[in-house]
>>> print(open('data.csv').read())   # CSV, C-alpha atoms
chain,number,residue,atom,x,y,z
A,1,MET,CA,0.2,13.7,0.9
A,2,ALA,CA,1.7,12.7,-2.4
A,3,THR,CA,1.5,15.0,-5.4
A,4,ILE,CA,1.4,13.6,-8.9
A,5,ARG,CA,2.0,15.8,-12.0
A,6,ALA,CA,2.4,15.2,-15.7
A,7,HIS,CA,1.0,16.4,-19.1
A,8,GLY,CA,-0.6,19.4,-17.5
A,9,ILE,CA,-2.6,17.5,-14.9
A,10,ALA,CA,-1.7,17.6,-11.2
A,11,SER,CA,-3.3,16.2,-8.1
A,12,GLN,CA,-2.4,16.4,-4.5
A,13,LEU,CA,-3.7,12.9,-3.9
A,14,PRO,CA,-6.2,12.4,-1.1
A,15,SER,CA,-5.2,9.7,1.4
A,16,GLY,CA,-5.5,6.2,0.0
A,17,PHE,CA,-5.6,7.1,-3.6
A,18,GLU,CA,-3.0,6.0,-6.2
A,19,ALA,CA,-2.9,7.3,-9.7
A,20,LYS,CA,-1.4,7.3,-13.2
A,21,ILE,CA,-1.1,10.1,-15.6
A,22,PHE,CA,0.0,9.1,-19.1
A,23,VAL,CA,-0.2,9.6,-22.8
A,24,ARG,CA,-0.6,6.4,-24.8
A,25,ASP,CA,1.7,5.5,-27.6
A,26,VAL,CA,-0.6,5.2,-30.6
A,27,PRO,CA,0.5,4.1,-34.1
A,28,VAL,CA,-1.7,6.6,-35.9
A,29,GLY,CA,-2.9,10.1,-34.9
A,30,VAL,CA,-2.3,12.0,-31.7
A,31,ALA,CA,-3.1,10.7,-28.2
A,32,HIS,CA,-3.9,13.0,-25.3
A,33,ALA,CA,-3.5,12.8,-21.5
A,34,VAL,CA,-5.3,10.2,-19.4
A,35,ALA,CA,-5.3,10.3,-15.6
A,36,GLN,CA,-6.5,7.3,-13.6
A,37,PHE,CA,-7.2,7.3,-9.9
A,38,ALA,CA,-8.1,4.4,-7.6
A,39,THR,CA,-8.5,3.7,-3.9
A,40,PHE,CA,-7.2,0.1,-4.6
A,41,PRO,CA,-4.1,-1.3,-6.2
A,42,LEU,CA,-4.2,0.0,-9.8
A,43,PRO,CA,-2.9,-2.6,-12.3
A,44,ASP,CA,-0.5,-1.4,-14.9
A,45,ASP,CA,-2.5,-2.6,-17.8
A,46,VAL,CA,-5.8,-0.8,-17.5
A,47,GLY,CA,-8.1,0.5,-20.2
A,48,ASP,CA,-8.6,4.3,-20.5
A,49,PHE,CA,-11.9,4.1,-18.7
A,50,GLY,CA,-11.0,1.4,-16.2
A,51,SER,CA,-11.5,-1.9,-17.9
A,52,GLY,CA,-9.3,-4.3,-16.1
A,53,ALA,CA,-9.5,-2.3,-12.9
A,54,VAL,CA,-13.2,-1.9,-12.0
A,55,SER,CA,-13.6,-5.6,-11.7
A,56,LEU,CA,-11.1,-5.5,-8.9
A,57,MET,CA,-12.9,-2.9,-6.8
A,58,GLY,CA,-14.3,-3.6,-3.4
A,59,PRO,CA,-17.6,-2.2,-2.2
A,60,VAL,CA,-16.0,0.8,-0.6
A,61,ASP,CA,-13.6,1.6,-3.4
A,62,VAL,CA,-13.6,4.5,-5.9
A,63,TYR,CA,-12.2,4.6,-9.5
A,64,ALA,CA,-12.0,7.7,-11.7
A,65,THR,CA,-10.6,8.6,-15.1
A,66,LEU,CA,-9.9,12.1,-16.4
A,67,PHE,CA,-9.7,11.8,-20.2
A,68,GLU,CA,-8.5,14.6,-22.4
A,69,TYR,CA,-9.9,15.0,-26.0
A,70,GLY,CA,-8.3,16.7,-28.9
A,71,PRO,CA,-8.5,20.4,-29.5
A,72,GLU,CA,-11.0,19.8,-32.4
A,73,SER,CA,-13.6,19.1,-29.6
A,74,LEU,CA,-13.3,22.6,-28.2
A,75,GLY,CA,-16.4,24.7,-28.7
A,76,THR,CA,-18.6,21.7,-29.5
A,77,VAL,CA,-21.9,21.3,-27.7
A,78,LEU,CA,-20.7,18.2,-25.8
A,79,PHE,CA,-17.9,20.2,-24.1
A,80,ALA,CA,-19.9,23.4,-23.6
A,81,ARG,CA,-19.8,23.1,-19.8
A,82,GLN,CA,-17.0,25.4,-18.5
A,83,GLY,CA,-15.1,23.9,-15.5
A,84,ARG,CA,-15.2,20.5,-13.8
A,85,PRO,CA,-18.4,19.3,-12.1
A,86,SER,CA,-18.2,19.8,-8.4
A,87,PRO,CA,-19.5,18.9,-6.0
A,88,LEU,CA,-21.2,15.8,-7.2
A,89,SER,CA,-24.2,14.4,-5.3
A,90,PRO,CA,-25.2,10.8,-4.8
A,91,GLY,CA,-28.1,11.4,-7.2
A,92,ASP,CA,-25.5,12.0,-10.0
A,93,PHE,CA,-24.5,8.3,-9.9
A,94,SER,CA,-26.4,5.6,-11.7
A,95,PRO,CA,-25.8,1.9,-12.4
A,96,THR,CA,-26.8,2.6,-16.0
A,97,VAL,CA,-23.9,5.0,-16.6
A,98,LEU,CA,-21.3,2.2,-16.2
A,99,ARG,CA,-19.2,1.5,-19.3
A,100,ARG,CA,-18.7,-2.0,-18.0
A,101,GLY,CA,-21.8,-3.2,-16.1
A,102,VAL,CA,-20.4,-4.7,-13.0
A,103,PRO,CA,-23.4,-5.6,-10.7
A,104,GLY,CA,-23.7,-3.4,-7.7
A,105,GLN,CA,-21.5,-0.6,-9.0
A,106,SER,CA,-22.6,2.8,-10.3
A,107,GLY,CA,-21.0,5.6,-12.2
A,108,THR,CA,-21.2,9.1,-13.5
A,109,GLN,CA,-19.7,10.8,-16.6
A,110,TRP,CA,-19.3,14.5,-17.3
A,111,PHE,CA,-17.9,16.4,-20.3
A,112,PHE,CA,-16.4,19.8,-19.8
A,113,THR,CA,-13.8,22.3,-20.9
A,114,GLU,CA,-11.2,23.7,-18.4
A,115,ALA,CA,-8.0,25.6,-19.0
A,116,GLY,CA,-8.7,25.5,-22.7
A,117,ARG,CA,-8.7,21.7,-22.8
A,118,PRO,CA,-11.7,19.4,-23.4
A,119,PHE,CA,-12.1,16.7,-20.8
A,120,SER,CA,-14.3,13.8,-19.7
A,121,PHE,CA,-14.5,12.8,-16.0
A,122,TYR,CA,-15.8,9.3,-15.4
A,123,ALA,CA,-16.1,7.9,-11.9
A,124,VAL,CA,-17.2,4.5,-10.6
A,125,LEU,CA,-18.4,3.6,-7.1
A,126,GLY,CA,-17.7,0.1,-5.8
A,127,SER,CA,-21.2,-0.1,-4.4
A,128,HIS,CA,-24.2,2.0,-5.4
A,129,LEU,CA,-25.7,1.3,-2.0
A,130,GLN,CA,-22.7,3.0,-0.4
A,131,ARG,CA,-22.9,6.1,-2.6
A,132,ALA,CA,-23.6,8.5,0.3
A,133,LEU,CA,-20.2,7.3,1.8
A,134,LEU,CA,-18.3,7.2,-1.4
A,135,VAL,CA,-19.3,10.3,-3.3
A,136,PRO,CA,-17.5,12.7,-0.8
A,137,ARG,CA,-14.3,10.8,-1.7
A,138,VAL,CA,-14.9,11.5,-5.4
A,139,ASN,CA,-15.5,15.2,-4.6
A,140,THR,CA,-12.3,15.3,-2.6
A,141,LEU,CA,-10.4,13.9,-5.6
A,142,LEU,CA,-12.1,16.4,-8.0
A,143,ALA,CA,-11.1,19.3,-5.7
A,144,SER,CA,-7.5,18.1,-5.7
A,145,LEU,CA,-7.1,18.4,-9.4
A,146,THR,CA,-5.1,21.2,-11.1
A,147,LEU,CA,-5.5,21.5,-14.8
A,148,SER,CA,-3.0,23.6,-16.7
A,149,PRO,CA,-3.5,25.2,-20.1
A,150,PRO,CA,-2.1,23.3,-23.1
A,151,ALA,CA,1.6,23.7,-23.6
A,152,PRO,CA,2.4,25.9,-26.6
A,153,GLN,CA,3.7,23.9,-29.5
A,154,THR,CA,7.4,24.3,-30.2
A,155,PRO,CA,8.6,24.5,-33.8
A,156,SER,CA,10.0,21.0,-33.6
A,157,ASP,CA,6.6,19.6,-32.5
A,158,ARG,CA,4.8,21.0,-35.6
A,159,VAL,CA,4.5,19.0,-38.8
A,160,ALA,CA,7.0,20.3,-41.4
A,161,TRP,CA,5.9,20.5,-44.9
A,162,ASN,CA,8.3,20.4,-47.8
B,163,MET,CA,-9.2,-0.4,84.9
B,164,ILE,CA,-11.9,-2.1,82.8
B,165,ALA,CA,-12.7,1.2,81.2
B,166,LEU,CA,-9.0,1.6,80.3
B,167,VAL,CA,-9.0,-1.9,78.7
B,168,VAL,CA,-12.1,-1.1,76.7
B,169,VAL,CA,-10.8,2.2,75.4
B,170,SER,CA,-7.4,0.6,74.5
B,171,THR,CA,-9.1,-2.2,72.6
B,172,PHE,CA,-11.3,0.3,70.8
B,173,LEU,CA,-8.3,2.4,69.8
B,174,VAL,CA,-6.4,-0.7,68.6
B,175,LEU,CA,-9.4,-1.8,66.5
B,176,LEU,CA,-9.8,1.7,65.1
B,177,LEU,CA,-6.1,1.9,64.1
B,178,GLY,CA,-6.3,-1.6,62.5
B,179,VAL,CA,-9.2,-0.4,60.3
B,180,LEU,CA,-7.3,2.7,59.3
B,181,VAL,CA,-4.1,0.7,58.5
B,182,ALA,CA,-6.2,-1.8,56.4
B,183,GLY,CA,-7.8,1.1,54.5
B,184,LEU,CA,-4.5,2.7,53.8
B,185,LEU,CA,-3.0,-0.6,52.5
B,186,ARG,CA,-6.1,-1.1,50.3
B,187,SER,CA,-5.7,2.4,48.9
B,188,HIS,CA,-2.0,1.8,48.2
B,189,ALA,CA,-2.8,-1.4,46.4
B,190,ASP,CA,-5.4,0.4,44.2
B,191,ILE,CA,-2.8,3.0,43.3
B,192,LEU,CA,-0.2,0.4,42.4
B,193,ARG,CA,-2.7,-1.5,40.3
B,194,SER,CA,-3.6,1.7,38.4
B,195,LEU,CA,0.0,2.5,37.8
B,196,HIS,CA,0.5,-1.0,36.3
B,197,GLU,CA,-2.5,-0.6,34.1
B,198,LEU,CA,-1.0,2.6,32.8
B,199,GLY,CA,2.2,0.8,32.0
B,200,VAL,CA,4.4,2.6,34.5
B,201,GLY,CA,4.0,0.1,37.3
B,202,VAL,CA,6.4,-0.1,40.2
B,203,GLY,CA,7.1,-2.9,42.6
B,204,ASP,CA,6.3,-6.2,41.0
B,205,PRO,CA,8.7,-6.6,38.1
B,206,THR,CA,6.9,-9.5,36.6
B,207,ALA,CA,3.7,-7.5,36.0
B,208,LEU,CA,3.3,-6.7,32.3
B,209,PRO,CA,2.0,-3.3,31.1
B,210,ARG,CA,-1.3,-3.4,29.3
B,211,GLU,CA,-0.1,-3.2,25.8
B,212,ASP,CA,2.2,-6.2,26.3
B,213,ARG,CA,-0.7,-8.3,27.5
B,214,ALA,CA,-2.8,-7.3,24.5
B,215,GLY,CA,0.1,-7.9,22.0
B,216,ALA,CA,2.7,-5.5,20.7
B,217,PRO,CA,1.8,-3.2,17.8
B,218,PRO,CA,2.2,-4.9,14.4
B,219,GLY,CA,5.7,-4.5,13.1
B,220,GLY,CA,7.3,-4.7,16.4
B,221,PRO,CA,9.9,-2.0,17.1
B,222,ALA,CA,8.6,1.1,15.3
B,223,LEU,CA,9.8,1.1,11.7
B,224,GLY,CA,7.2,3.8,11.1
B,225,PRO,CA,4.3,4.4,8.7
B,226,ALA,CA,4.6,3.8,5.0
B,227,PRO,CA,4.1,7.1,3.1
B,228,ALA,CA,2.7,7.2,-0.5
B,229,ILE,CA,5.1,7.4,-3.4
B,230,ALA,CA,4.7,9.7,-6.3
B,231,GLY,CA,7.0,10.4,-9.2
B,232,LEU,CA,7.6,10.0,-12.9
B,233,THR,CA,7.9,6.9,-14.9
B,234,PRO,CA,11.0,6.4,-17.1
B,235,SER,CA,8.9,7.4,-20.1
B,236,GLY,CA,7.9,10.7,-18.6
B,237,ASP,CA,4.4,9.8,-17.4
B,238,ALA,CA,3.4,10.1,-13.7
B,239,ARG,CA,2.7,7.4,-11.2
B,240,ALA,CA,1.6,7.5,-7.6
B,241,PHE,CA,1.5,4.5,-5.5
B,242,ALA,CA,-0.3,4.0,-2.1
B,243,PRO,CA,1.1,0.9,-0.4
B,244,THR,CA,-1.6,1.0,2.3
B,245,ASN,CA,-4.7,0.9,0.2
B,246,SER,CA,-5.0,-2.9,0.4
B,247,ASP,CA,-4.2,-5.7,2.8
B,248,ARG,CA,-1.4,-6.9,0.6
B,249,LEU,CA,2.3,-6.8,1.2
B,250,THR,CA,4.4,-4.5,-0.9
B,251,LEU,CA,8.2,-4.8,-1.5
B,252,LEU,CA,9.8,-1.6,-2.5
B,253,GLY,CA,13.2,-1.9,-4.2
B,254,PHE,CA,15.2,1.3,-4.2
B,255,LEU,CA,17.6,0.8,-7.1
B,256,SER,CA,19.9,2.9,-9.3
B,257,SER,CA,20.7,2.5,-12.9
B,258,GLY,CA,24.4,2.8,-12.3
B,259,CYS,CA,25.1,0.7,-9.3
B,260,THR,CA,26.7,-2.7,-10.2
B,261,SER,CA,25.2,-4.5,-7.3
B,262,CYS,CA,21.7,-3.5,-8.4
B,263,ALA,CA,21.9,-5.3,-11.8
B,264,GLY,CA,20.7,-8.6,-10.5
B,265,PHE,CA,17.8,-7.0,-8.6
B,266,TRP,CA,16.6,-5.1,-11.7
B,267,GLN,CA,16.2,-8.5,-13.4
B,268,ALA,CA,14.8,-10.4,-10.5
B,269,LEU,CA,12.3,-7.9,-9.2
B,270,GLN,CA,10.7,-7.6,-12.6
B,271,GLN,CA,10.0,-11.4,-12.5
B,272,PRO,CA,8.3,-11.4,-9.1
B,273,GLU,CA,6.5,-14.8,-9.8
B,274,ASP,CA,10.0,-16.4,-9.6
B,275,LEU,CA,10.9,-14.9,-6.3
B,276,GLN,CA,8.8,-17.1,-4.0
B,277,LEU,CA,7.5,-14.0,-2.2
B,278,PRO,CA,4.4,-14.3,0.0
B,279,GLN,CA,1.3,-14.7,-2.2
B,280,GLY,CA,-0.1,-11.4,-3.6
B,281,THR,CA,3.0,-9.3,-2.8
B,282,ARG,CA,3.3,-6.2,-5.0
B,283,VAL,CA,6.8,-5.2,-6.2
B,284,VAL,CA,7.6,-1.6,-7.0
B,285,ILE,CA,11.0,-0.3,-8.1
B,286,VAL,CA,11.9,3.2,-7.0
B,287,THR,CA,14.9,5.1,-8.4
B,288,LYS,CA,15.9,8.7,-7.7
B,289,GLY,CA,14.1,11.4,-9.7
B,290,PRO,CA,15.1,12.4,-13.2
B,291,GLU,CA,17.3,15.2,-11.8
B,292,LEU,CA,19.6,12.6,-10.3
B,293,GLU,CA,19.1,9.7,-12.6
B,294,ILE,CA,19.3,9.2,-16.4
B,295,PRO,CA,15.8,8.4,-17.5
B,296,ALA,CA,17.0,6.7,-20.7
B,297,GLN,CA,19.1,4.3,-18.7
B,298,VAL,CA,16.3,3.6,-16.3
B,299,ARG,CA,14.0,3.0,-19.3
B,300,SER,CA,16.4,0.5,-20.8
B,301,LEU,CA,16.4,-1.4,-17.5
B,302,SER,CA,12.5,-1.4,-17.2
B,303,THR,CA,10.5,-4.2,-18.7
B,304,GLY,CA,7.1,-2.7,-17.9
B,305,ARG,CA,6.2,-5.8,-15.8
B,306,VAL,CA,6.3,-4.0,-12.4
B,307,PRO,CA,5.9,-0.2,-11.7
B,308,VAL,CA,9.1,1.8,-11.9
B,309,ILE,CA,8.8,5.2,-10.2
B,310,MET,CA,11.5,7.9,-10.3
B,311,SER,CA,11.2,9.9,-7.1
B,312,SER,CA,14.0,11.5,-5.0
B,313,GLU,CA,11.3,12.5,-2.5
B,314,ALA,CA,10.5,8.8,-1.9
B,315,TRP,CA,14.2,8.2,-1.2
B,316,HIS,CA,14.0,11.0,1.4
B,317,ASP,CA,10.7,9.8,2.9
B,318,TYR,CA,11.9,6.3,3.3
B,319,GLN,CA,15.4,7.4,4.5
B,320,VAL,CA,17.2,5.3,2.0
B,321,PRO,CA,20.9,5.2,2.8
B,322,GLY,CA,22.0,3.9,-0.7
B,323,SER,CA,21.1,1.4,-3.3
B,324,PRO,CA,20.2,-1.4,-3.3
B,325,PHE,CA,17.8,-1.0,-0.4
B,326,PHE,CA,14.6,-2.7,0.3
B,327,VAL,CA,11.4,-2.0,2.4
B,328,LEU,CA,8.6,-4.4,3.1
B,329,ILE,CA,5.2,-2.9,3.8
B,330,ASP,CA,2.2,-4.5,5.3
B,331,GLY,CA,-0.9,-2.8,3.8
B,332,ALA,CA,-3.2,-4.1,6.6
B,333,SER,CA,-1.3,-2.3,9.3
B,334,ALA,CA,-0.1,0.6,7.0
B,335,ARG,CA,3.4,0.2,8.4
B,336,LYS,CA,6.8,-0.8,7.3
B,337,VAL,CA,7.5,-4.3,8.7
B,338,GLY,CA,11.0,-4.7,7.4
B,339,GLN,CA,13.8,-2.9,5.7
B,340,GLY,CA,17.5,-3.4,4.9
B,341,VAL,CA,20.3,-4.1,2.5
B,342,ALA,CA,20.8,-7.3,0.5
B,343,GLY,CA,23.7,-8.2,-1.6
B,344,HIS,CA,22.0,-11.1,-3.5
B,345,VAL,CA,18.4,-12.0,-4.4
B,346,SER,CA,18.5,-14.9,-2.0
B,347,GLN,CA,19.4,-12.6,0.9
B,348,LEU,CA,16.5,-10.4,-0.1
B,349,ILE,CA,14.0,-13.3,0.0
B,350,ASP,CA,15.4,-14.3,3.4
B,351,LEU,CA,14.9,-10.7,4.7
B,352,VAL,CA,11.3,-10.7,3.5
B,353,HIS,CA,10.5,-14.0,5.2
B,354,ARG,CA,12.3,-13.1,8.4
B,355,ALA,CA,10.3,-9.8,8.5
B,356,ARG,CA,7.1,-11.7,8.0
B,357,PHE,CA,8.1,-14.1,10.7
B,358,ASP,CA,9.0,-11.4,13.2
B,359,GLU,CA,5.8,-9.5,12.4
B,360,ARG,CA,3.6,-12.5,13.0
B,361,ASN,CA,5.4,-13.3,16.3
B,362,GLY,CA,5.1,-9.7,17.3
B,363,ASP,CA,1.4,-9.2,16.7
B,364,GLY,CA,0.2,-12.6,17.9
B,365,ALA,CA,-0.8,-13.7,14.5
B,366,GLN,CA,1.0,-17.0,15.0
B,367,SER,CA,-1.8,-18.3,17.2
B,368,ALA,CA,-4.3,-17.3,14.5
B,369,GLU,CA,-2.2,-19.2,11.9
B,370,THR,CA,-2.4,-22.4,13.8
B,371,ALA,CA,-6.2,-22.1,13.7
B,372,LEU,CA,-6.3,-22.1,9.9
B,373,ASP,CA,-7.9,-24.9,8.0
B,374,GLY,CA,-8.2,-26.1,4.5
B,375,PRO,CA,-6.3,-24.4,1.6
B,376,GLU,CA,-5.2,-21.5,3.9
B,377,ARG,CA,-3.6,-24.0,6.3
B,378,GLU,CA,-1.8,-25.7,3.4
B,379,ALA,CA,-0.6,-22.4,2.1
B,380,ALA,CA,0.7,-21.4,5.5
B,381,ALA,CA,2.5,-24.7,5.9
B,382,ASP,CA,4.1,-24.3,2.4
B,383,HIS,CA,5.2,-20.8,3.5
B,384,VAL,CA,6.9,-22.1,6.6
B,385,LEU,CA,8.6,-24.9,4.7
B,386,ARG,CA,9.9,-22.5,2.0
B,387,ALA,CA,11.3,-20.2,4.7
B,388,ALA,CA,13.1,-23.2,6.2
B,389,GLY,CA,14.6,-24.0,2.8
B,390,ILE,CA,12.4,-27.1,2.2
B,391,LEU,CA,11.2,-26.8,-1.4
B,392,PRO,CA,9.3,-29.4,-3.6
B,393,GLY,CA,11.5,-32.4,-4.1
B,394,HIS,CA,13.4,-32.0,-0.8
B,395,PRO,CA,14.5,-35.5,0.4
B,396,SER,CA,12.9,-34.9,3.8
B,397,LEU,CA,9.5,-34.9,2.2
B,398,TYR,CA,9.9,-38.4,0.9
B,399,PRO,CA,11.0,-40.7,3.8
B,400,ARG,CA,11.7,-44.3,2.8
B,401,THR,CA,12.3,-45.8,6.2
B,402,LEU,CA,11.5,-44.9,9.8
B,403,ASP,CA,15.1,-43.9,10.3
B,404,ASP,CA,14.4,-41.1,7.8
B,405,VAL,CA,11.6,-39.8,10.0
B,406,PHE,CA,13.3,-40.4,13.3
B,407,PRO,CA,17.0,-39.8,12.7
B,408,ASP,CA,17.7,-39.7,16.5
B,409,ARG,CA,16.5,-43.4,16.7
B,410,ARG,CA,19.3,-44.4,14.4
B,411,ALA,CA,21.9,-42.4,16.4
B,412,GLY,CA,20.6,-44.1,19.6
>>> encode(input="data.csv", output="structure tokens")
Amino acid sequence: MATIRAHGIASQLPSGFEAKIFVRDVPVGVAHAVAQFATFPLPDDVGDFGSGAVSLMGPVDVYATLFEYGPESLGTVLFARQGRPSPLSPGDFSPTVLRRGVPGQSGTQWFFTEAGRPFSFYAVLGSHLQRALLVPRVNTLLASLTLSPPAPQTPSDRVAWN
Amino acid sequence: MIALVVVSTFLVLLLGVLVAGLLRSHADILRSLHELGVGVGDPTALPREDRAGAPPGGPALGPAPAIAGLTPSGDARAFAPTNSDRLTLLGFLSSGCTSCAGFWQALQQPEDLQLPQGTRVVIVTKGPELEIPAQVRSLSTGRVPVIMSSEAWHDYQVPGSPFFVLIDGASARKVGQGVAGHVSQLIDLVHRARFDERNGDGAQSAETALDGPEREAAADHVLRAAGILPGHPSLYPRTLDDVFPDRRAG
């Protein structure tokens, strides 16, 4: 069982999953960690929430994104939930939740705070009809995640004012 | 006297039945042993797994474990070679080995390698503790995944770089592995591994049953493996002697 770890996010990946954990290079502002998980070959150029990947899913595939927001989101109503959602049930998934409406698929999205960091967890099932089979795979993935508190800023990381 | 003859005949018949029963029981035991693959006696009899076709991949190269590590830019990447039916070519390279230089360039242009259609290419270096990430980053173009993982080198028992492993996602097994000095040798290794695998698992007969574009693609693959590329003179015969060279010799 492979373990993936970067930017304060770790997962002992369930069998058949591959993953990426990265921080995008952005010209303006600060980007935060994004983790992507898939039970199918994950292309290198995928949008944060799976554009470019979900169209490649088969009916028994699962895709998920764990997206970190900035510390300014802490304490807001949207992120009031403490801890990740688990376990999810088939009723939590709906075709209307999809960010990209691929026919036959369904999704779920949750906002929460864990380890002092605001996150969104977004998951897509390859086939809504197969949700009873696929949701346990999402739950196994959720249970495999370890989220660490944000790393303390070092003096060199801080903006220096003249 | 008559009674003695009758009794003797009865005893002979009884013994004959007993011997026939014993022979039949013996034959049943031998048949069962053959079916279990530990047959004795008839050396031409095949064990059951041989009749059904050897396991894909032929002699056990073993399963293909997942790979997880860091990218040269410090992100993380995990790769599961068995989550699709596609082939995956793992190139275990180092930033410092001179014989790796050509492979760094070639593997990041996989469309020029004439690999079987849909083959994924992944480059694996040792982890950041044994490599220089900045050097690996300078060699990476971002076109194929580059994963830094000493654990993967251990899992795949890599003796040194460059080293290559071909994985068949459908069977979740390694189907070929070895060392190549040049890119052309690597391509030859890939095609030979594919050929051996197909012969081993009986897929050759399935291939001959292909039709339409799949049959055309399979024929192209065999021709490429034999070194017959587009424009090869043998594809454009001008006379019958070009088609039947033996006739000219005769």
>>> atom_distance(input="data.csv", atom1="atom CA of Leu74 of chain A", atom2="atom CA of Val23 of chain A")
19.2 Å
>>> atom_distance(input="data.csv", atom1="atom CA of Gln339 of chain B", atom2="atom CA of Thr260 of chain B")
20.5 Å
>>> closest_residue(input="data.csv", among="B:Leu252, B:Leu391, B:Leu275, B:Val308", to="Gly231 of chain B", atoms="all atoms listed in the file")
B:Val308
>>> interface_residues(input="data.csv", of="chain A", to="chain B", cutoff="7 Å", atoms="all atoms listed in the file", output="number ranges by chain")
A: 2-6, 16-22, 39-41
>>> atom_distance(input="data.csv", atom1="atom CA of Gly289 of chain B", atom2="atom CA of Ser11 of chain A")
18.1 Å
>>> residues_around(input="data.csv", residues="segment 140-148 of chain A", least_positions_apart="3", cutoff="6 Å", atoms="all atoms listed in the file", output="PyMOL selection string")
chain A and resi 8-12+115+137
>>> write_last_selection(input="data.csv", atoms="C-alpha atoms", output="compact mmCIF listing (two decimals), keeping the file's coordinate frame")
# COMPACT_ATOMS: atom_id res chain seq x y z
CA GLY A 8 -0.60 19.40 -17.50
CA ILE A 9 -2.60 17.50 -14.90
CA ALA A 10 -1.70 17.60 -11.20
CA SER A 11 -3.30 16.20 -8.10
CA GLN A 12 -2.40 16.40 -4.50
CA ALA A 115 -8.00 25.60 -19.00
CA ARG A 137 -14.30 10.80 -1.70
>>> closest_residue(input="data.csv", among="B:Val283, B:Arg386, B:Ser346, B:Lys288", to="His316 of chain B", atoms="all atoms listed in the file")
B:Lys288
>>> residues_around(input="data.csv", residues="Ala132 of chain A", least_positions_apart="5", cutoff="10 Å", atoms="only C-alpha atoms", output="NGL selection string")
:A and (89-91 or 137)
>>> closest_residue(input="data.csv", among="A:Asp92, A:Asp25, A:Asp45, A:Glu68", to="Leu125 of chain A", atoms="only C-alpha atoms")
A:Asp92
>>> build_atoms(input="data.csv", residues="segment 27-39 of chain A", atoms="N, CA and C atoms", output="PDB file, in the frame of the given file")
ATOM      1  N   PRO A  27      -0.150   4.218 -32.805  1.00  0.00           N
ATOM      2  CA  PRO A  27       0.500   4.100 -34.100  1.00  0.00           C
ATOM      3  C   PRO A  27       0.059   5.197 -35.083  1.00  0.00           C
ATOM      4  N   VAL A  28      -1.196   5.634 -34.930  1.00  0.00           N
ATOM      5  CA  VAL A  28      -1.700   6.600 -35.900  1.00  0.00           C
ATOM      6  C   VAL A  28      -2.402   7.736 -35.075  1.00  0.00           C
ATOM      7  N   GLY A  29      -2.256   8.959 -35.500  1.00  0.00           N
ATOM      8  CA  GLY A  29      -2.900  10.100 -34.900  1.00  0.00           C
ATOM      9  C   GLY A  29      -2.188  10.565 -33.626  1.00  0.00           C
ATOM     10  N   VAL A  30      -2.884  11.373 -32.853  1.00  0.00           N
ATOM     11  CA  VAL A  30      -2.300  12.000 -31.700  1.00  0.00           C
ATOM     12  C   VAL A  30      -3.088  11.560 -30.432  1.00  0.00           C
ATOM     13  N   ALA A  31      -2.410  11.080 -29.423  1.00  0.00           N
ATOM     14  CA  ALA A  31      -3.100  10.700 -28.200  1.00  0.00           C
ATOM     15  C   ALA A  31      -2.950  11.880 -27.183  1.00  0.00           C
ATOM     16  N   HIS A  32      -3.894  11.968 -26.270  1.00  0.00           N
ATOM     17  CA  HIS A  32      -3.900  13.000 -25.300  1.00  0.00           C
ATOM     18  C   HIS A  32      -3.802  12.411 -23.876  1.00  0.00           C
ATOM     19  N   ALA A  33      -3.743  13.272 -22.886  1.00  0.00           N
ATOM     20  CA  ALA A  33      -3.500  12.800 -21.500  1.00  0.00           C
ATOM     21  C   ALA A  33      -4.656  12.021 -20.948  1.00  0.00           C
ATOM     22  N   VAL A  34      -4.312  11.013 -20.178  1.00  0.00           N
ATOM     23  CA  VAL A  34      -5.300  10.200 -19.400  1.00  0.00           C
ATOM     24  C   VAL A  34      -4.794  10.176 -17.981  1.00  0.00           C
ATOM     25  N   ALA A  35      -5.679  10.451 -17.044  1.00  0.00           N
ATOM     26  CA  ALA A  35      -5.300  10.300 -15.600  1.00  0.00           C
ATOM     27  C   ALA A  35      -6.288   9.308 -14.999  1.00  0.00           C
ATOM     28  N   GLN A  36      -5.729   8.367 -14.266  1.00  0.00           N
ATOM     29  CA  GLN A  36      -6.500   7.300 -13.600  1.00  0.00           C
ATOM     30  C   GLN A  36      -6.282   7.386 -12.117  1.00  0.00           C
ATOM     31  N   PHE A  37      -7.341   7.256 -11.340  1.00  0.00           N
ATOM     32  CA  PHE A  37      -7.200   7.300  -9.900  1.00  0.00           C
ATOM     33  C   PHE A  37      -8.004   6.160  -9.273  1.00  0.00           C
ATOM     34  N   ALA A  38      -7.474   5.594  -8.209  1.00  0.00           N
ATOM     35  CA  ALA A  38      -8.100   4.400  -7.600  1.00  0.00           C
ATOM     36  C   ALA A  38      -7.786   4.376  -6.113  1.00  0.00           C
ATOM     37  N   THR A  39      -8.731   3.869  -5.331  1.00  0.00           N
ATOM     38  CA  THR A  39      -8.500   3.700  -3.900  1.00  0.00           C
ATOM     39  C   THR A  39      -8.054   2.212  -3.644  1.00  0.00           C
TER      40      THR A  39
END
